[in-house]
Amino acid sequence: MGALSHIRICDLSGQLAGAGATRFLAAFGAQVIRVEDPVRKGAWDIVRGSGPYKGEPGLETSGGFNNHNVEKLGITINLREERGKELLRELVAVSDAVTENFAAGVLARMGFPYEELARLKPDIVYVSNSGFGNSGPYSTFKTWGPIVQAVCGLTFESGLPDMAPAGWGYSYMDHMGAYSMAVALLAGLVHRSRTGEGQWIDMACVEAGTTFTGPDLLDYTVNDRPLRRPGMPDSNHSHSPLMAPHAIYAAAGDDNWIAIACRDDADWERLVDVIGEPWAKERRGDPLERRVATQVDLDERIGAWTSGHDRFELAARLRDVGVPASAVQQPGERIEHDPATTDFGLWPVATHQVIGEMPVDGVPAHLSETDWEIRHGAPCLGQHTRQVLTEVLGKHDDEIDALYAEGVL
């Protein structure tokens, strides 16, 4: 019995920003019933058929889809058919929450605005997660993670001085949007448990991203200081608080790196002792102001030194004397060879009906009494349709067979 085993979610969400939210609740025991389209297979969620794959490419072998839909039940309902809409109404009526991340207004145009959901289940918690929310001048726009990142300002603040914005190498806000959506959904469920009142939670992923740019917004509005100014932005150095040296440096081998940060003068003295080279000893006692003023030269000298060392061994040496340092780890190293995550149980193995066993993301928190559990992989398309219609909606096999024959399921 998980912490959320009393909760049932009618989940029409997908991609990463929606499916990534409900996966957390499923891991804590919520019954998440994922609704998909049986006609345009995989069209509601392009991740279902996207790589990387485990095995041959297909709708059931996507590693990303499997990762984001563990512990969920999967059903198909053709919402173009009135009988399909009737089934969805029945499912809403016995659910605690409805979740989706379509563009604003899509679910309403399908016949399920919040008013209809509340009519079916007065205390329903409805979460809609779109790029710009359901009101405002951009509400009709459609978005994806990289677009959200550009609009909210995250892309603008990532980069190096005098160069174009570096942006992000993946859909960062799809993942962070999922976290915000999960928190919003839990808040709505807590409110309902206290008051018996349901509500519509209108979430805008762009606004969620804007909250991550707080210091830069504050600097501009309070100090009238733009982010792009001489020497800024600088994603490789620390400015608040000011630190030097503070960067990513090359290590021995191909594309190997180490992160080093000196918080204060004492860290710098300890780093000098480890370096032990004449140029470093000559700079012993350099105050922060001088280290910052000569940061380019300092980084070049430190990089020349670190390039001759194994990143893991050097990071351990530096940490042993109290200097913050870490090898920049590659995915395989972090997942398969780092006891910090393997001992924590961060990569549970989920069993999928088609692709078999596969490590997936766990939850980065453990509850002492009602911890999460992930054993089952993502559902195949329509895998649990008969089970849900029988056990949840009380349908009989002959009725379900007829629905299949009619193209409703």
# chains A, B, ... in the order shown; residues from 1 in each chain; ligands from 1
>>> select_by_dssp(residues="segment 1-131 of chain A", states="helix (DSSP H, G or I)", output="JSON, numbers by chain")
{"A": [19, 20, 21, 22, 23, 24, 25, 26, 27, 46, 47, 48, 49, 63, 64, 65, 66, 67, 68, 82, 83, 84, 85, 86, 87, 88, 89, 90, 91, 92, 93, 106, 107, 108, 109, 114, 115, 116, 117, 118, 119, 120]}
>>> write_last_selection(atoms="N, CA and C atoms", output="tab-separated table (two decimals), in the first residue's frame")
chain	number	residue	atom	x	y	z
A	19	ALA	N	3.33	13.09	-18.82
A	19	ALA	CA	3.58	11.73	-18.37
A	19	ALA	C	4.60	11.70	-17.24
A	20	GLY	N	5.56	12.62	-17.29
A	20	GLY	CA	6.58	12.67	-16.24
A	20	GLY	C	6.03	13.08	-14.89
A	21	ALA	N	4.89	13.76	-14.88
A	21	ALA	CA	4.27	14.16	-13.61
A	21	ALA	C	3.54	12.99	-12.97
A	22	THR	N	2.72	12.30	-13.76
A	22	THR	CA	1.90	11.24	-13.18
A	22	THR	C	2.73	10.01	-12.84
A	23	ARG	N	3.93	9.87	-13.42
A	23	ARG	CA	4.78	8.73	-13.07
A	23	ARG	C	5.17	8.78	-11.60
A	24	PHE	N	5.33	9.98	-11.04
A	24	PHE	CA	5.68	10.09	-9.63
A	24	PHE	C	4.55	9.59	-8.75
A	25	LEU	N	3.33	9.99	-9.10
A	25	LEU	CA	2.20	9.55	-8.29
A	25	LEU	C	1.98	8.05	-8.42
A	26	ALA	N	2.22	7.52	-9.61
A	26	ALA	CA	2.11	6.08	-9.81
A	26	ALA	C	3.14	5.33	-8.97
A	27	ALA	N	4.34	5.87	-8.88
A	27	ALA	CA	5.39	5.22	-8.09
A	27	ALA	C	5.02	5.16	-6.62
A	46	ILE	N	4.07	11.36	-29.02
A	46	ILE	CA	5.08	10.97	-30.00
A	46	ILE	C	6.25	10.25	-29.35
A	47	VAL	N	6.39	10.35	-28.03
A	47	VAL	CA	7.48	9.66	-27.36
A	47	VAL	C	7.28	8.14	-27.44
A	48	ARG	N	6.02	7.71	-27.55
A	48	ARG	CA	5.76	6.27	-27.60
A	48	ARG	C	6.53	5.60	-28.73
A	49	GLY	N	6.66	6.26	-29.84
A	49	GLY	CA	7.35	5.65	-30.98
A	49	GLY	C	8.72	6.23	-31.25
A	63	GLY	N	12.56	3.49	-25.19
A	63	GLY	CA	13.09	3.60	-23.85
A	63	GLY	C	12.54	4.80	-23.11
A	64	GLY	N	12.38	5.92	-23.83
A	64	GLY	CA	11.85	7.13	-23.19
A	64	GLY	C	10.42	6.95	-22.73
A	65	PHE	N	9.60	6.34	-23.58
A	65	PHE	CA	8.20	6.13	-23.20
A	65	PHE	C	8.11	5.18	-22.01
A	66	ASN	N	8.90	4.13	-22.04
A	66	ASN	CA	8.89	3.19	-20.92
A	66	ASN	C	9.30	3.89	-19.62
A	67	ASN	N	10.32	4.72	-19.70
A	67	ASN	CA	10.81	5.40	-18.50
A	67	ASN	C	9.76	6.32	-17.89
A	68	HIS	N	8.96	6.99	-18.73
A	68	HIS	CA	8.04	8.00	-18.23
A	68	HIS	C	6.64	7.46	-17.91
A	82	GLU	N	-19.20	8.74	-29.93
A	82	GLU	CA	-19.98	9.13	-28.76
A	82	GLU	C	-19.90	8.07	-27.66
A	83	ARG	N	-19.89	6.81	-28.06
A	83	ARG	CA	-19.78	5.76	-27.05
A	83	ARG	C	-18.44	5.83	-26.33
A	84	GLY	N	-17.40	6.25	-27.05
A	84	GLY	CA	-16.10	6.43	-26.41
A	84	GLY	C	-16.14	7.56	-25.40
A	85	LYS	N	-16.82	8.65	-25.75
A	85	LYS	CA	-16.95	9.77	-24.81
A	85	LYS	C	-17.73	9.35	-23.58
A	86	GLU	N	-18.74	8.50	-23.79
A	86	GLU	CA	-19.50	8.00	-22.64
A	86	GLU	C	-18.61	7.20	-21.70
A	87	LEU	N	-17.71	6.41	-22.26
A	87	LEU	CA	-16.78	5.64	-21.42
A	87	LEU	C	-15.86	6.57	-20.64
A	88	LEU	N	-15.37	7.61	-21.31
A	88	LEU	CA	-14.50	8.55	-20.60
A	88	LEU	C	-15.27	9.25	-19.48
A	89	ARG	N	-16.53	9.59	-19.72
A	89	ARG	CA	-17.35	10.20	-18.67
A	89	ARG	C	-17.47	9.26	-17.47
A	90	GLU	N	-17.67	7.98	-17.75
A	90	GLU	CA	-17.77	7.00	-16.66
A	90	GLU	C	-16.46	6.92	-15.88
A	91	LEU	N	-15.35	6.99	-16.60
A	91	LEU	CA	-14.04	6.91	-15.93
A	91	LEU	C	-13.79	8.16	-15.09
A	92	VAL	N	-14.15	9.33	-15.61
A	92	VAL	CA	-13.99	10.57	-14.84
A	92	VAL	C	-14.81	10.51	-13.56
A	93	ALA	N	-16.01	9.95	-13.66
A	93	ALA	CA	-16.92	9.92	-12.52
A	93	ALA	C	-16.39	9.09	-11.36
A	106	VAL	N	-7.84	22.17	-25.93
A	106	VAL	CA	-8.05	20.96	-26.73
A	106	VAL	C	-9.06	20.03	-26.06
A	107	LEU	N	-8.88	19.77	-24.76
A	107	LEU	CA	-9.81	18.85	-24.09
A	107	LEU	C	-11.22	19.42	-24.07
A	108	ALA	N	-11.35	20.73	-23.93
A	108	ALA	CA	-12.68	21.36	-23.97
A	108	ALA	C	-13.33	21.16	-25.32
A	109	ARG	N	-12.55	21.30	-26.39
A	109	ARG	CA	-13.12	21.11	-27.73
A	109	ARG	C	-13.50	19.65	-27.99
A	114	TYR	N	-13.71	21.97	-18.05
A	114	TYR	CA	-13.74	21.74	-16.61
A	114	TYR	C	-15.17	21.65	-16.08
A	115	GLU	N	-16.06	22.45	-16.61
A	115	GLU	CA	-17.44	22.45	-16.14
A	115	GLU	C	-18.08	21.07	-16.33
A	116	GLU	N	-17.76	20.41	-17.44
A	116	GLU	CA	-18.29	19.06	-17.68
A	116	GLU	C	-17.64	18.05	-16.74
A	117	LEU	N	-16.35	18.18	-16.52
A	117	LEU	CA	-15.67	17.28	-15.59
A	117	LEU	C	-16.24	17.43	-14.18
A	118	ALA	N	-16.49	18.67	-13.77
A	118	ALA	CA	-17.05	18.91	-12.43
A	118	ALA	C	-18.49	18.44	-12.34
A	119	ARG	N	-19.21	18.45	-13.44
A	119	ARG	CA	-20.57	17.92	-13.42
A	119	ARG	C	-20.54	16.41	-13.20
A	120	LEU	N	-19.57	15.76	-13.84
A	120	LEU	CA	-19.44	14.31	-13.71
A	120	LEU	C	-18.94	13.91	-12.33
>>> closest_residue(among="A:Gln31, A:Thr213, A:Ser326, A:Ser13", to="Met1 of chain A", atoms="only C-alpha atoms")
A:Gln31
>>> residues_around(residues="Asp361 of chain A", least_positions_apart="2", cutoff="10 Å", atoms="only C-alpha atoms", output="PyMOL selection string")
chain A and resi 67-68+70+335+345-350+359+363-364+374
>>> residues_around(residues="Leu217 of chain A", least_positions_apart="2", cutoff="12 Å", atoms="only C-alpha atoms", output="compact mmCIF listing (two decimals) with C-alpha atoms, in the first residue's frame")
# COMPACT_ATOMS: atom_id res chain seq x y z
CA CYS A 152 10.93 32.08 -20.36
CA GLY A 153 14.55 33.27 -20.52
CA LEU A 154 16.44 30.13 -19.52
CA PHE A 156 19.23 33.49 -22.77
CA GLU A 157 21.09 33.04 -19.50
CA THR A 210 10.32 31.85 -15.53
CA THR A 211 10.50 31.05 -11.82
CA PHE A 212 13.95 29.53 -12.44
CA THR A 213 15.30 32.84 -13.72
CA GLY A 214 14.55 34.68 -10.48
CA PRO A 215 18.04 36.07 -9.63
CA ASP A 219 19.06 41.93 -10.81
CA TYR A 220 17.38 43.64 -13.76
CA THR A 221 14.30 44.99 -11.98
CA VAL A 222 16.10 46.13 -8.83
CA ASN A 223 19.56 47.07 -10.10
CA ASP A 224 18.68 47.88 -13.73
CA ARG A 225 21.49 45.51 -14.72
CA PRO A 226 20.95 43.44 -17.90
CA LEU A 227 22.18 39.87 -17.99
>>> residues_around(residues="segment 284-294 of chain A", least_positions_apart="3", cutoff="9 Å", atoms="only C-alpha atoms", output="compact mmCIF listing (two decimals) with N, CA and C atoms, in the first residue's frame")
# COMPACT_ATOMS: atom_id res chain seq x y z
N LEU A 242 31.03 35.37 -5.49
CA LEU A 242 32.20 35.40 -6.35
C LEU A 242 33.21 34.35 -5.88
N MET A 243 33.65 33.51 -6.82
CA MET A 243 34.66 32.49 -6.52
C MET A 243 35.66 32.44 -7.66
N ALA A 244 36.89 32.08 -7.33
CA ALA A 244 37.91 31.84 -8.34
C ALA A 244 39.07 31.09 -7.68
N PRO A 245 39.54 30.05 -8.34
CA PRO A 245 39.04 29.46 -9.59
C PRO A 245 37.72 28.71 -9.37
N ASP A 264 36.87 30.04 -1.09
CA ASP A 264 37.51 31.13 -0.33
C ASP A 264 39.02 31.00 -0.45
N ASP A 265 39.74 31.89 0.26
CA ASP A 265 41.20 31.88 0.21
C ASP A 265 41.78 30.57 0.75
N TRP A 268 41.81 28.00 -1.89
CA TRP A 268 42.86 28.30 -2.86
C TRP A 268 44.22 27.84 -2.34
N GLU A 269 44.50 28.06 -1.08
CA GLU A 269 45.78 27.62 -0.51
C GLU A 269 45.91 26.10 -0.56
N VAL A 272 46.65 25.08 -4.14
CA VAL A 272 48.06 25.36 -4.46
C VAL A 272 48.95 24.23 -3.97
N ASP A 273 48.68 23.73 -2.76
CA ASP A 273 49.49 22.64 -2.21
C ASP A 273 49.38 21.38 -3.05
N ALA A 280 52.07 27.93 -9.33
CA ALA A 280 51.03 27.95 -8.30
C ALA A 280 51.60 28.45 -6.98
N LYS A 281 52.79 28.00 -6.64
CA LYS A 281 53.40 28.44 -5.38
C LYS A 281 53.65 29.95 -5.40
N ASP A 297 43.89 33.56 -17.36
CA ASP A 297 45.22 32.94 -17.27
C ASP A 297 45.22 31.82 -16.24
N LEU A 298 44.53 32.05 -15.13
CA LEU A 298 44.48 31.05 -14.07
C LEU A 298 43.81 29.77 -14.57
N ASP A 299 42.72 29.92 -15.29
CA ASP A 299 42.03 28.74 -15.83
C ASP A 299 42.91 27.98 -16.80
>>> residues_around(residues="Gly29 of chain A", least_positions_apart="4", cutoff="8 Å", atoms="only C-alpha atoms", output="PyMOL selection string")
chain A and resi 1-7+25+372-373
>>> write_last_selection(atoms="N, CA and C atoms", output="PDB file, in the first residue's frame")
ATOM      1  N   MET A   1       0.850  -1.190   0.000  1.00  0.00           N
ATOM      2  CA  MET A   1       0.000   0.000   0.000  1.00  0.00           C
ATOM      3  C   MET A   1       0.886   1.241   0.000  1.00  0.00           C
ATOM      4  N   GLY A   2       0.862   1.962  -1.110  1.00  0.00           N
ATOM      5  CA  GLY A   2       1.674   3.163  -1.197  1.00  0.00           C
ATOM      6  C   GLY A   2       0.993   4.358  -0.574  1.00  0.00           C
ATOM      7  N   ALA A   3       1.745   5.435  -0.464  1.00  0.00           N
ATOM      8  CA  ALA A   3       1.216   6.652   0.158  1.00  0.00           C
ATOM      9  C   ALA A   3       0.014   7.197  -0.599  1.00  0.00           C
ATOM     10  N   LEU A   4      -0.078   6.911  -1.902  1.00  0.00           N
ATOM     11  CA  LEU A   4      -1.164   7.451  -2.726  1.00  0.00           C
ATOM     12  C   LEU A   4      -2.059   6.346  -3.288  1.00  0.00           C
ATOM     13  N   SER A   5      -2.083   5.194  -2.639  1.00  0.00           N
ATOM     14  CA  SER A   5      -2.839   4.065  -3.180  1.00  0.00           C
ATOM     15  C   SER A   5      -4.345   4.288  -3.155  1.00  0.00           C
ATOM     16  N   HIS A   6      -4.807   5.346  -2.487  1.00  0.00           N
ATOM     17  CA  HIS A   6      -6.235   5.654  -2.451  1.00  0.00           C
ATOM     18  C   HIS A   6      -6.652   6.592  -3.584  1.00  0.00           C
ATOM     19  N   ILE A   7      -5.703   6.955  -4.449  1.00  0.00           N
ATOM     20  CA  ILE A   7      -5.949   7.944  -5.501  1.00  0.00           C
ATOM     21  C   ILE A   7      -6.034   7.257  -6.869  1.00  0.00           C
ATOM     22  N   LEU A  25       3.330   9.986  -9.098  1.00  0.00           N
ATOM     23  CA  LEU A  25       2.196   9.555  -8.291  1.00  0.00           C
ATOM     24  C   LEU A  25       1.983   8.054  -8.421  1.00  0.00           C
ATOM     25  N   TRP A 372       8.244   4.685  -2.313  1.00  0.00           N
ATOM     26  CA  TRP A 372       7.828   4.393  -3.669  1.00  0.00           C
ATOM     27  C   TRP A 372       8.306   3.003  -4.086  1.00  0.00           C
ATOM     28  N   GLU A 373       7.676   2.503  -5.136  1.00  0.00           N
ATOM     29  CA  GLU A 373       8.065   1.210  -5.695  1.00  0.00           C
ATOM     30  C   GLU A 373       7.800   1.220  -7.196  1.00  0.00           C
TER      31      GLU A 373
END
>>> closest_residue(among="A:Lys72, A:Arg80, A:His337, A:Lys54", to="Val35 of chain A", atoms="only C-alpha atoms")
A:Lys72
>>> select_by_dssp(residues="segment 101-201 of chain A", states="strand (DSSP E or B)", output="list in words")
Val125, Tyr126, Val127, Ser128, Asn129, Ser130, Gln199, Trp200 and Ile201 of chain A
>>> residues_around(residues="Glu36 of chain A", least_positions_apart="3", cutoff="8 Å", atoms="only C-alpha atoms", output="list in words")
Leu12, Lys41, Gly42, Trp44, Gly74, Ile75, Thr76, Ile77, Leu381 and Gly382 of chain A
>>> atom_distance(atom1="atom CA of His246 of chain A", atom2="atom CA of Gly169 of chain A")
22.2 Å
>>> closest_residue(among="A:Glu399, A:Asp202, A:Glu197, A:Asp320", to="Ala184 of chain A", atoms="only C-alpha atoms")
A:Asp202
